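Novice: This one is structure_30.csv, CSV, C-alpha atoms.
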```csv
chain,number,residue,atom,x,y,z
A,1,MET,CA,-15.7,-25.7,-9.6
A,2,SER,CA,-14.6,-29.0,-8.2
A,3,ARG,CA,-12.1,-29.2,-11.0
A,4,VAL,CA,-10.7,-25.8,-10.0
A,5,LEU,CA,-10.4,-27.0,-6.4
A,6,ARG,CA,-8.7,-30.2,-7.3
A,7,SER,CA,-6.2,-28.4,-9.5
A,8,LEU,CA,-5.4,-25.9,-6.9
A,9,ARG,CA,-4.8,-28.5,-4.2
A,10,GLY,CA,-2.4,-30.5,-6.4
A,11,SER,CA,-2.6,-33.9,-7.9
A,12,GLN,CA,0.3,-35.7,-6.2
A,13,PRO,CA,-0.3,-36.7,-2.6
A,14,VAL,CA,2.3,-35.5,-0.1
A,15,ALA,CA,0.5,-36.8,2.9
A,16,ARG,CA,-2.9,-38.1,3.6
A,17,PHE,CA,-5.1,-37.8,6.7
A,18,GLN,CA,-8.7,-37.1,7.4
A,19,ARG,CA,-10.2,-34.2,9.3
A,20,CYS,CA,-13.6,-32.8,9.9
A,21,CYS,CA,-14.1,-29.9,7.5
A,22,GLY,CA,-15.1,-27.3,10.2
A,23,LEU,CA,-14.7,-26.0,13.7
A,24,PHE,CA,-17.5,-28.1,15.1
A,25,PRO,CA,-16.8,-31.8,14.3
A,26,ALA,CA,-20.2,-32.9,15.5
A,27,ASP,CA,-21.9,-30.8,12.9
A,28,CYS,CA,-19.9,-32.0,10.0
A,29,ALA,CA,-19.8,-35.5,8.5
A,30,GLN,CA,-17.8,-34.7,5.4
A,31,LYS,CA,-14.1,-35.5,5.4
A,32,TYR,CA,-11.3,-34.3,3.2
A,33,VAL,CA,-7.8,-35.5,2.3
A,34,VAL,CA,-4.9,-33.0,2.1
A,35,LYS,CA,-2.9,-33.9,-1.0
A,36,ASN,CA,-0.6,-30.9,-1.1
A,37,TYR,CA,0.4,-29.2,2.2
A,38,PHE,CA,2.0,-26.2,0.4
A,39,TYR,CA,-1.3,-25.2,-1.2
A,40,TYR,CA,-3.3,-26.1,1.9
A,41,TYR,CA,-1.3,-23.8,4.3
A,42,LEU,CA,-0.7,-21.1,1.7
A,43,PHE,CA,-4.4,-20.7,1.0
A,44,ARG,CA,-5.6,-21.1,4.6
A,45,PHE,CA,-3.1,-18.3,5.5
A,46,SER,CA,-4.3,-16.2,2.6
A,47,ALA,CA,-7.9,-16.7,3.7
A,48,ALA,CA,-6.9,-15.4,7.1
A,49,LEU,CA,-5.8,-12.1,5.5
A,50,GLY,CA,-9.5,-11.3,5.0
A,51,GLU,CA,-10.4,-12.0,8.7
A,52,GLU,CA,-10.7,-9.8,11.8
A,53,VAL,CA,-7.2,-10.9,13.0
A,54,PHE,CA,-5.7,-9.2,9.9
A,55,TYR,CA,-7.7,-6.0,10.1
A,56,ILE,CA,-7.1,-5.6,13.8
A,57,THR,CA,-3.3,-5.8,13.3
A,58,PHE,CA,-2.4,-4.5,9.9
A,59,LEU,CA,-4.6,-1.4,9.8
A,60,PRO,CA,-3.5,-0.1,13.2
A,61,PHE,CA,0.1,-1.0,12.4
A,62,THR,CA,0.0,1.2,9.4
A,63,TYR,CA,-1.4,4.1,11.4
A,64,TRP,CA,1.2,3.7,14.2
A,65,ASN,CA,4.3,3.0,12.1
A,66,ILE,CA,3.9,4.0,8.4
A,67,ASP,CA,1.7,6.9,7.6
A,68,HIS,CA,-1.5,8.4,9.1
A,69,SER,CA,-2.9,9.6,5.8
A,70,VAL,CA,-2.4,6.2,4.2
A,71,SER,CA,-4.1,4.5,7.1
A,72,ARG,CA,-7.0,6.9,7.0
A,73,ARG,CA,-7.6,6.1,3.4
A,74,MET,CA,-7.5,2.3,3.9
A,75,ILE,CA,-9.8,2.3,6.9
A,76,VAL,CA,-12.5,4.6,5.4
A,77,ILE,CA,-12.5,2.7,2.1
A,78,TRP,CA,-12.4,-0.7,3.8
A,79,SER,CA,-15.5,0.3,5.9
A,80,VAL,CA,-17.5,1.5,2.9
A,81,VAL,CA,-16.5,-1.5,0.7
A,82,MET,CA,-17.4,-4.0,3.4
A,83,TYR,CA,-20.8,-2.4,4.1
A,84,ILE,CA,-21.7,-2.5,0.4
A,85,GLY,CA,-20.5,-6.1,0.2
A,86,GLN,CA,-22.3,-7.4,3.2
A,87,VAL,CA,-25.6,-5.7,2.3
A,88,SER,CA,-25.3,-7.0,-1.3
A,89,LYS,CA,-25.0,-10.5,0.0
A,90,ASP,CA,-28.2,-10.3,2.0
A,91,LEU,CA,-30.1,-8.6,-0.8
A,92,LEU,CA,-29.0,-10.9,-3.6
A,93,LYS,CA,-29.2,-14.1,-1.5
A,94,TRP,CA,-27.1,-16.1,-3.8
A,95,PRO,CA,-26.1,-19.4,-2.0
A,96,ARG,CA,-22.6,-20.5,-1.5
A,97,PRO,CA,-21.2,-23.6,-3.4
A,98,LEU,CA,-22.9,-26.9,-2.6
A,99,SER,CA,-21.0,-29.3,-0.4
A,100,PRO,CA,-20.6,-32.0,-1.8
A,101,PRO,CA,-19.1,-31.8,-4.4
A,102,VAL,CA,-17.1,-28.8,-3.1
A,103,VAL,CA,-15.3,-29.4,0.2
A,104,LYS,CA,-15.7,-26.4,2.6
A,105,LEU,CA,-12.8,-25.8,4.9
A,106,GLU,CA,-14.6,-23.1,7.0
A,107,ARG,CA,-17.9,-23.3,8.9
A,108,ARG,CA,-18.6,-19.9,10.5
A,109,THR,CA,-19.2,-18.0,7.3
A,110,ASP,CA,-21.2,-20.9,5.7
A,111,ALA,CA,-24.4,-19.4,7.2
A,112,GLU,CA,-23.9,-16.3,5.0
A,113,TYR,CA,-24.7,-15.9,1.3
A,114,GLY,CA,-22.0,-16.0,-1.3
A,115,MET,CA,-22.3,-13.1,-3.8
A,116,PRO,CA,-20.1,-11.0,-3.7
A,117,SER,CA,-17.1,-12.3,-1.9
A,118,THR,CA,-16.3,-9.8,0.8
A,119,HIS,CA,-12.8,-11.3,1.2
A,120,ALA,CA,-12.1,-10.4,-2.5
A,121,MET,CA,-13.6,-7.0,-2.0
A,122,ALA,CA,-11.6,-6.2,1.1
A,123,ALA,CA,-8.3,-7.6,-0.3
A,124,THR,CA,-8.7,-5.5,-3.5
A,125,ALA,CA,-9.8,-2.4,-1.7
A,126,ILE,CA,-7.0,-2.5,1.0
A,127,SER,CA,-4.1,-3.5,-1.4
A,128,PHE,CA,-4.9,-1.0,-4.2
A,129,SER,CA,-5.9,1.9,-1.8
A,130,PHE,CA,-2.5,1.3,-0.1
A,131,LEU,CA,-0.9,1.4,-3.6
A,132,SER,CA,-2.7,4.6,-4.7
A,133,ALA,CA,-2.0,6.4,-1.4
A,134,THR,CA,1.7,5.5,-1.2
A,135,THR,CA,2.3,6.2,-4.9
A,136,ASN,CA,1.1,9.8,-4.3
A,137,HIS,CA,3.1,10.1,-1.1
A,138,TYR,CA,6.4,8.2,-1.5
A,139,LYS,CA,8.9,7.6,-4.2
A,140,TYR,CA,9.4,3.9,-5.0
A,141,PRO,CA,9.1,1.7,-8.1
A,142,PHE,CA,5.4,1.6,-9.1
A,143,GLU,CA,5.9,-1.9,-10.6
A,144,LEU,CA,6.9,-3.2,-7.2
A,145,GLY,CA,3.8,-1.8,-5.5
A,146,LEU,CA,1.6,-3.0,-8.3
A,147,THR,CA,3.1,-6.5,-8.1
A,148,GLY,CA,2.5,-6.6,-4.3
A,149,ALA,CA,-1.1,-5.4,-4.6
A,150,LEU,CA,-1.8,-8.0,-7.3
A,151,LEU,CA,-0.2,-10.8,-5.4
A,152,PHE,CA,-2.0,-9.9,-2.1
A,153,SER,CA,-5.4,-9.7,-3.7
A,154,THR,CA,-4.9,-12.7,-6.0
A,155,LEU,CA,-3.9,-14.9,-3.1
A,156,VAL,CA,-6.9,-13.9,-1.0
A,157,CYS,CA,-9.3,-14.4,-4.0
A,158,LEU,CA,-7.9,-17.8,-4.8
A,159,SER,CA,-8.1,-18.8,-1.1
A,160,ARG,CA,-11.9,-18.4,-1.3
A,161,LEU,CA,-12.0,-21.0,-4.2
A,162,TYR,CA,-9.6,-23.3,-2.4
A,163,THR,CA,-11.6,-23.3,0.8
A,164,GLY,CA,-14.8,-24.0,-1.1
A,165,MET,CA,-16.5,-20.8,0.2
A,166,HIS,CA,-17.1,-19.0,-3.1
A,167,THR,CA,-17.6,-19.6,-6.8
A,168,VAL,CA,-15.4,-17.9,-9.4
A,169,LEU,CA,-18.3,-15.5,-10.1
A,170,ASP,CA,-18.5,-14.5,-6.4
A,171,VAL,CA,-14.8,-13.7,-6.3
A,172,LEU,CA,-14.8,-11.8,-9.7
A,173,GLY,CA,-17.9,-9.9,-8.6
A,174,GLY,CA,-16.4,-8.8,-5.3
A,175,ALA,CA,-13.1,-7.7,-6.9
A,176,LEU,CA,-14.9,-5.8,-9.7
A,177,ILE,CA,-17.2,-3.9,-7.2
A,178,SER,CA,-14.1,-2.8,-5.2
A,179,ALA,CA,-12.3,-1.8,-8.4
A,180,VAL,CA,-15.2,0.4,-9.5
A,181,LEU,CA,-15.5,2.0,-6.0
A,182,LEU,CA,-11.7,2.7,-6.0
A,183,VAL,CA,-11.9,4.4,-9.4
A,184,LEU,CA,-14.7,6.6,-8.2
A,185,VAL,CA,-13.3,7.5,-4.7
A,186,CYS,CA,-9.6,7.8,-5.3
A,187,PRO,CA,-9.7,11.0,-7.5
A,188,ALA,CA,-11.8,12.7,-4.9
A,189,TRP,CA,-10.0,11.4,-1.8
A,190,ASP,CA,-8.1,14.5,-0.8
A,191,SER,CA,-11.3,16.5,-0.7
A,192,ILE,CA,-13.0,13.7,1.3
A,193,ASP,CA,-10.1,13.6,3.7
A,194,ARG,CA,-10.1,17.3,4.4
A,195,VAL,CA,-13.8,17.2,5.2
A,196,LEU,CA,-13.3,14.2,7.6
A,197,LEU,CA,-10.5,16.1,9.3
A,198,THR,CA,-11.9,19.6,9.6
A,199,SER,CA,-15.7,19.5,9.5
A,200,PRO,CA,-17.3,20.3,12.9
A,201,LEU,CA,-20.1,17.8,12.0
A,202,CYS,CA,-17.6,14.9,11.4
A,203,PRO,CA,-17.8,13.3,14.9
A,204,LEU,CA,-21.6,13.4,15.0
A,205,LEU,CA,-22.1,12.1,11.5
A,206,SER,CA,-19.3,9.5,11.8
A,207,LEU,CA,-21.1,7.9,14.7
A,208,ALA,CA,-24.8,8.5,13.7
A,209,VAL,CA,-24.8,7.4,10.1
A,210,PRO,CA,-23.0,4.1,10.6
A,211,LEU,CA,-25.2,3.3,13.6
A,212,LEU,CA,-28.3,4.1,11.7
A,213,LEU,CA,-27.1,1.8,8.8
A,214,CYS,CA,-26.6,-1.0,11.3
A,215,TYR,CA,-30.1,-0.7,12.7
A,216,LYS,CA,-31.6,-0.5,9.2
A,217,TYR,CA,-29.6,-3.6,8.0
A,218,PRO,CA,-31.7,-5.8,5.7
A,219,LYS,CA,-33.7,-8.4,7.7
A,220,LEU,CA,-33.3,-12.1,6.9
A,221,ASP,CA,-35.6,-15.1,7.5
A,222,SER,CA,-33.0,-16.8,9.6
A,223,TYR,CA,-30.0,-15.6,11.6
A,224,SER,CA,-26.8,-14.7,9.7
A,225,PRO,CA,-23.5,-13.3,11.2
A,226,THR,CA,-23.4,-10.6,8.4
A,227,ARG,CA,-25.2,-8.0,10.5
A,228,ALA,CA,-22.9,-8.5,13.4
A,229,ASP,CA,-19.8,-8.4,11.2
A,230,THR,CA,-21.1,-5.3,9.4
A,231,THR,CA,-21.7,-3.6,12.8
A,232,THR,CA,-18.2,-4.6,13.9
A,233,ILE,CA,-16.6,-3.0,10.8
A,234,LEU,CA,-18.7,0.1,10.8
A,235,GLY,CA,-18.2,0.6,14.6
A,236,ALA,CA,-14.4,0.3,14.2
A,237,GLY,CA,-14.4,2.7,11.2
A,238,ALA,CA,-16.6,5.2,13.1
A,239,GLY,CA,-14.4,5.2,16.2
A,240,ALA,CA,-11.3,5.6,14.1
A,241,THR,CA,-12.8,8.5,12.1
A,242,VAL,CA,-13.7,10.3,15.3
A,243,GLY,CA,-10.1,9.7,16.4
A,244,PHE,CA,-8.7,11.1,13.2
A,245,TRP,CA,-10.8,14.3,13.7
A,246,LEU,CA,-9.8,14.8,17.3
A,247,ASN,CA,-6.1,14.3,16.5
A,248,ASN,CA,-6.3,16.9,13.8
A,249,GLN,CA,-8.2,19.4,16.0
A,250,TYR,CA,-6.4,19.1,19.3
A,251,VAL,CA,-3.1,17.1,18.9
A,252,ALA,CA,-1.4,17.9,15.6
A,253,ALA,CA,-2.7,18.9,12.2
A,254,ALA,CA,-2.8,15.8,10.0
A,255,SER,CA,-1.1,15.8,6.7
A,256,THR,CA,-3.1,14.8,3.6
A,257,SER,CA,-1.6,13.1,0.6
A,258,ASP,CA,-0.6,16.4,-1.0
A,259,GLY,CA,2.9,16.0,0.4
A,260,PHE,CA,5.6,13.9,-1.3
A,261,ARG,CA,8.4,12.1,0.4
A,262,PRO,CA,11.5,10.6,-1.2
A,263,GLY,CA,10.9,7.1,0.0
A,264,PHE,CA,10.0,4.8,2.9
A,265,PRO,CA,12.4,5.2,5.8
A,266,LEU,CA,14.9,2.4,6.2
A,267,LEU,CA,14.5,0.3,9.3
A,268,SER,CA,17.8,0.2,11.3
A,269,GLY,CA,18.2,-2.1,14.3
A,270,PRO,CA,17.1,0.5,16.9
A,271,MET,CA,14.2,1.7,14.7
A,272,LEU,CA,13.0,-1.9,14.3
A,273,VAL,CA,12.8,-2.2,18.0
A,274,VAL,CA,10.8,1.0,18.3
A,275,VAL,CA,8.4,-0.2,15.6
A,276,LEU,CA,7.9,-3.6,17.3
A,277,ALA,CA,7.4,-1.9,20.7
A,278,ARG,CA,4.8,0.4,19.2
A,279,PHE,CA,3.0,-2.5,17.7
A,280,LEU,CA,3.0,-4.7,20.9
A,281,VAL,CA,1.9,-1.8,23.1
A,282,GLY,CA,-0.8,-0.9,20.7
A,283,ILE,CA,-2.2,-4.4,20.3
A,284,GLY,CA,-2.1,-4.8,24.0
A,285,ILE,CA,-4.2,-1.7,24.5
A,286,ILE,CA,-6.6,-2.7,21.8
A,287,LEU,CA,-7.2,-6.1,23.3
A,288,VAL,CA,-7.7,-4.7,26.8
A,289,THR,CA,-10.1,-2.0,25.3
A,290,ARG,CA,-12.1,-4.6,23.5
A,291,GLN,CA,-12.4,-6.9,26.5
A,292,LEU,CA,-13.4,-4.0,28.9
A,293,ALA,CA,-15.9,-2.6,26.4
A,294,LYS,CA,-17.4,-6.0,25.8
A,295,SER,CA,-17.9,-6.7,29.5
A,296,LEU,CA,-19.3,-3.2,30.2
A,297,VAL,CA,-21.7,-3.1,27.3
A,298,LEU,CA,-23.0,-6.6,27.8
A,299,GLY,CA,-23.5,-5.9,31.5
A,300,VAL,CA,-25.6,-2.9,30.7
A,301,LEU,CA,-27.6,-4.7,28.0
A,302,ARG,CA,-28.2,-7.7,30.3
A,303,TYR,CA,-29.5,-5.4,33.0
A,304,CYS,CA,-31.8,-3.5,30.5
A,305,TYR,CA,-33.2,-6.6,28.7
A,306,LYS,CA,-33.0,-9.2,31.5
A,307,PHE,CA,-31.2,-12.1,29.8
A,308,PRO,CA,-28.6,-14.5,31.2
A,309,MET,CA,-24.9,-14.4,30.4
A,310,GLY,CA,-24.9,-17.4,28.2
A,311,ASP,CA,-28.1,-16.7,26.2
A,312,LEU,CA,-26.7,-16.7,22.7
A,313,GLU,CA,-30.2,-16.1,21.1
A,314,ALA,CA,-30.7,-12.9,23.2
A,315,ARG,CA,-27.3,-11.6,22.1
A,316,ARG,CA,-28.4,-12.0,18.5
A,317,ARG,CA,-31.4,-9.8,18.9
A,318,LEU,CA,-31.3,-6.5,17.0
A,319,GLU,CA,-31.6,-4.3,20.2
A,320,VAL,CA,-28.7,-6.2,21.8
A,321,GLU,CA,-26.4,-7.1,19.0
A,322,VAL,CA,-26.1,-3.7,17.3
A,323,PRO,CA,-25.2,-1.6,20.4
A,324,TYR,CA,-23.0,-4.4,21.8
A,325,LYS,CA,-20.9,-4.7,18.6
A,326,PHE,CA,-21.0,-1.0,17.7
A,327,VAL,CA,-19.9,0.4,21.0
A,328,THR,CA,-17.3,-2.3,21.6
A,329,TYR,CA,-15.6,-1.8,18.2
A,330,SER,CA,-16.0,2.0,18.0
A,331,SER,CA,-14.1,2.0,21.4
A,332,VAL,CA,-11.4,-0.2,19.7
A,333,GLY,CA,-11.2,2.2,16.7
A,334,PHE,CA,-11.0,5.3,19.0
A,335,SER,CA,-8.4,3.6,21.2
A,336,ALA,CA,-6.2,2.7,18.2
A,337,THR,CA,-6.2,6.2,16.9
A,338,VAL,CA,-6.1,8.4,20.0
A,339,ILE,CA,-5.2,6.4,23.2
A,340,VAL,CA,-2.4,4.3,21.7
A,341,PRO,CA,-0.6,7.3,20.0
A,342,LEU,CA,-0.8,9.2,23.3
A,343,LEU,CA,0.6,6.3,25.2
A,344,HIS,CA,3.4,6.0,22.6
A,345,GLN,CA,4.2,9.6,23.2
A,346,VAL,CA,4.3,9.1,27.0
A,347,LEU,CA,6.6,6.0,26.6
A,348,GLY,CA,8.9,7.9,24.3
A,349,LEU,CA,8.1,5.7,21.3
A,350,ILE,CA,7.4,8.7,19.0
```
Taking this structure as input, can you express it in the form of C-alpha cells?
Specialist:
Amino acid sequence: MSRVLRSLRGSQPVARFQRCCGLFPADCAQKYVVKNYFYYYLFRFSAALGEEVFYITFLPFTYWNIDHSVSRRMIVIWSVVMYIGQVSKDLLKWPRPLSPPVVKLERRTDAEYGMPSTHAMAATAISFSFLSATTNHYKYPFELGLTGALLFSTLVCLSRLYTGMHTVLDVLGGALISAVLLVLVCPAWDSIDRVLLTSPLCPLLSLAVPLLLCYKYPKLDSYSPTRADTTTILGAGAGATVGFWLNNQYVAAASTSDGFRPGFPLLSGPMLVVVLARFLVGIGIILVTRQLAKSLVLGVLRYCYKFPMGDLEARRRLEVEVPYKFVTYSSVGFSATVIVPLLHQVLGLI
C-alpha cells in the first residue's frame, strides 16, 4: 500500500513543507511531505466529491436545473447504497490502513472502519445512475457519458488510496457492491419510481422505514460517526422522497424516464444566469433550513433530556443523535424538493 501511495504522489519533489496530517494538530504527531502538488490537490479535491458538501450541492442542482427524474433516481439509489455501505462497515469491522507506514490526510473518518469504502460506493452509484438515467432520457454520445462516469468514480476511488484512508480491497469492494446494486435496481427503476410517486403509503413509509433503520443501527463498543452520517443521509433521502410525492400529487405530475428528449438544452447567456440564480437561491434556502432545523430540534431535545448546549457526549446518545440528525436533514431534503422550486416559481426562475 505504501508503494501505491508513493507512486501516486510522485517521485520528484516540487516543493517540501511539513504539516500535521489532520484537522487537530494536537492529536497528530505524524508529519508528511508534499512532493507533488498536482496529485495532492487533485486527490484532495476528488476526496471532497464524496463528502456532504458535494451531496448538498450537486444532487439539488440536478433537481433544480437538469431533470427531476434523473435526480430522483440518484437520490434514492445514493441513500440505499450509503446505508448498505455504512452498516457493512460496522458489521465487518475491518480496520483502516495502519499509520505509519501509510500517511493519513484525514482525521474525522479515521474513527470509522474501512471495508467497504463508502466514497467508492457513492461515486460509483451516483455517476453510473446518472449515466443510465440520462442515456434513457436524452440523446448524446454514450461513450462521452461512460468516460465521464469512469473518470469521476476512478478519481474518487484513487483519492481514498492517496489520502491513506482505505486499502485497495476496501475501494474495490465498495465499487463492486454499488455495481451489483445498480445492475439489480436499474431494470426495475421505472416501476419503483411510479410507486414512489403515486402510492398513498409513500410519505408514511418514506419517513417511518428510514427512521426505524436509524434507531436499529448496529451498536458499537465505542462511538463512531457512522450512525450520525447514516441518519443524515437517510433523513435527507426521506425528506426528498416525501417532496417528490407531494409535487407529483399537488403541483405537477412528474415524468418518469419513459420520455425521450433529443439532447441536453444548450446554455445561452441568459439561461446561464437563470441556472446560477436557481442554484444560489436554492443553496441559500437549504442552509437557512438546516440552521433553523438544527436550532429548533436541539432546543427541544435539550429541554426533554436536560443537557447543556456544549455537551458533545449527550448529543452522541441514540435518543438525541437520531432525531436531531433525521429531523434536520429530512427538513433539508423536503425544502430542496418542495420549498425551493416554489420559491423559484414565485421569483420567475422557472
Novice: Within 10 Å of Leu220 of chain A, counting only C-alpha atoms, which residues show up once you throw out same-chain ones fewer than 2 positions away? Write them as an mmCIF file with C-alpha atoms, in the coordinates of the input, please.
Specialist:
```
data_model
loop_
_atom_site.group_PDB
_atom_site.id
_atom_site.type_symbol
_atom_site.label_atom_id
_atom_site.label_comp_id
_atom_site.auth_asym_id
_atom_site.auth_seq_id
_atom_site.Cartn_x
_atom_site.Cartn_y
_atom_site.Cartn_z
ATOM 1 C CA ASP A 90 -28.200 -10.300 2.000
ATOM 2 C CA LEU A 91 -30.100 -8.600 -0.800
ATOM 3 C CA LYS A 93 -29.200 -14.100 -1.500
ATOM 4 C CA TYR A 217 -29.600 -3.600 8.000
ATOM 5 C CA PRO A 218 -31.700 -5.800 5.700
ATOM 6 C CA SER A 222 -33.000 -16.800 9.600
ATOM 7 C CA TYR A 223 -30.000 -15.600 11.600
ATOM 8 C CA SER A 224 -26.800 -14.700 9.700
ATOM 9 C CA ARG A 227 -25.200 -8.000 10.500
#
```
Novice: May I have the residues at most 10 Å from (-28.5, -6.7, 19.8) in the file's coordinates, counting only C-alpha atoms, as a list in words?
Specialist: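 Residues found, by chain and rising number: Tyr215, Arg227, Ala228, Leu298, Leu301, Glu313, Ala314, Arg315, Arg316, Arg317, Leu318, Glu319, Val320, Glu321, Val322, Pro323, Tyr324, Lys325 and Phe326 of chain A.
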Novice: For those residues, write C-alpha atoms to a file as an mmCIF file, in the frame of the given file.
Specialist:
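Result saved to again-v6.cif:
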```cif
data_model
loop_
_atom_site.group_PDB
_atom_site.id
_atom_site.type_symbol
_atom_site.label_atom_id
_atom_site.label_comp_id
_atom_site.auth_asym_id
_atom_site.auth_seq_id
_atom_site.Cartn_x
_atom_site.Cartn_y
_atom_site.Cartn_z
ATOM 1 C CA TYR A 215 -30.100 -0.700 12.700
ATOM 2 C CA ARG A 227 -25.200 -8.000 10.500
ATOM 3 C CA ALA A 228 -22.900 -8.500 13.400
ATOM 4 C CA LEU A 298 -23.000 -6.600 27.800
ATOM 5 C CA LEU A 301 -27.600 -4.700 28.000
ATOM 6 C CA GLU A 313 -30.200 -16.100 21.100
ATOM 7 C CA ALA A 314 -30.700 -12.900 23.200
ATOM 8 C CA ARG A 315 -27.300 -11.600 22.100
ATOM 9 C CA ARG A 316 -28.400 -12.000 18.500
ATOM 10 C CA ARG A 317 -31.400 -9.800 18.900
ATOM 11 C CA LEU A 318 -31.300 -6.500 17.000
ATOM 12 C CA GLU A 319 -31.600 -4.300 20.200
ATOM 13 C CA VAL A 320 -28.700 -6.200 21.800
ATOM 14 C CA GLU A 321 -26.400 -7.100 19.000
ATOM 15 C CA VAL A 322 -26.100 -3.700 17.300
ATOM 16 C CA PRO A 323 -25.200 -1.600 20.400
ATOM 17 C CA TYR A 324 -23.000 -4.400 21.800
ATOM 18 C CA LYS A 325 -20.900 -4.700 18.600
ATOM 19 C CA PHE A 326 -21.000 -1.000 17.700
#
```
Novice: Using all atoms listed in the file, which protein or nucleic acid residues come within 12 Å of Leu246 of chain A? Drop anything in the same chain fewer than 3 positions from it, and give the result as number ranges by chain.
Specialist: A: 196-203, 239-243, 249-254, 334-335, 337-339
Novice: Show me the residues around (-8.1, -2.1, 15.0) - criterion: an atom at most 9 Å away, all atoms listed in the file counted - as an mmCIF file with C-alpha atoms, in the frame of the given file.
Specialist:
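Result file follows (point_23.cif):
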```
data_model
loop_
_atom_site.group_PDB
_atom_site.id
_atom_site.type_symbol
_atom_site.label_atom_id
_atom_site.label_comp_id
_atom_site.auth_asym_id
_atom_site.auth_seq_id
_atom_site.Cartn_x
_atom_site.Cartn_y
_atom_site.Cartn_z
ATOM 1 C CA GLU A 52 -10.700 -9.800 11.800
ATOM 2 C CA TYR A 55 -7.700 -6.000 10.100
ATOM 3 C CA ILE A 56 -7.100 -5.600 13.800
ATOM 4 C CA THR A 57 -3.300 -5.800 13.300
ATOM 5 C CA PHE A 58 -2.400 -4.500 9.900
ATOM 6 C CA LEU A 59 -4.600 -1.400 9.800
ATOM 7 C CA PRO A 60 -3.500 -0.100 13.200
ATOM 8 C CA PHE A 61 0.100 -1.000 12.400
ATOM 9 C CA ALA A 236 -14.400 0.300 14.200
ATOM 10 C CA GLY A 237 -14.400 2.700 11.200
ATOM 11 C CA ALA A 240 -11.300 5.600 14.100
ATOM 12 C CA ILE A 283 -2.200 -4.400 20.300
ATOM 13 C CA ILE A 286 -6.600 -2.700 21.800
ATOM 14 C CA TYR A 329 -15.600 -1.800 18.200
ATOM 15 C CA VAL A 332 -11.400 -0.200 19.700
ATOM 16 C CA GLY A 333 -11.200 2.200 16.700
ATOM 17 C CA PHE A 334 -11.000 5.300 19.000
ATOM 18 C CA SER A 335 -8.400 3.600 21.200
ATOM 19 C CA ALA A 336 -6.200 2.700 18.200
ATOM 20 C CA THR A 337 -6.200 6.200 16.900
#
```
Novice: Leaving out segment 73-85 of chain A and any residue of its chain fewer than 6 positions from it, which residues lie within 8 Å of it when counting only C-alpha atoms, given as number ranges by chain?
Specialist: A: 59, 116-118, 121-122, 125-126, 129-130, 133, 174, 178, 181, 189, 193, 230, 233-234, 237, 241
Novice: Hey, can you check how far atom CA of Cys157 of chain A sits from atom CA of Ser330 of chain A?
Specialist: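 Computing it gives 28.2 Å between the two atoms.
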Novice: What's around segment 143-150 of chain A at 8 Å? Count only C-alpha atoms, leave out sequence neighbours fewer than 5 positions away in its own chain, and write the answer as a PyMOL selection string.
Specialist: chain A and resi 124+127-128+131
Novice: Of the candidates A:Val327, A:Leu272, A:Val183, A:Leu342, which one gets nearest to Gln291 of chain A if we count all atoms listed in the file?
Specialist: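 Closest to Gln291 of chain A of all the choices is A:Val327.
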Novice: Please compute the atom CA of Phe45 of chain A-atom CA of Leu105 of chain A distance, one decimal, in Å.
Specialist: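 So the two atoms, atom CA of Phe45 of chain A and atom CA of Leu105 of chain A, lie 12.3 Å apart.
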Novice: One decimal, in Å: what's the spacing between atom CA of Ser206 of chain A and atom CA of Leu292 of chain A?
Specialist: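 Separation between atom CA of Ser206 of chain A and atom CA of Leu292 of chain A: 22.6 Å.
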Novice: From the list A:Val87, A:Val103, A:Met115, A:Leu155, which residue is nearest Gly50 of chain A when using all atoms listed in the file?
Specialist: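 So, comparing all the options, the nearest one is A:Leu155.
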Novice: With all atoms listed in the file as the atoms that count, which of A:Leu161, A:Leu205, A:Leu213, A:Leu349 lies nearest to Lys104 of chain A?
Specialist: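 Nearest to Lys104 of chain A: A:Leu161.
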Novice: Just checking: using only C-alpha atoms, which residue out of A:Arg160, A:Ser99, A:Leu182, A:Phe43 ends up closest to Lys31 of chain A?
Specialist: A:Ser99
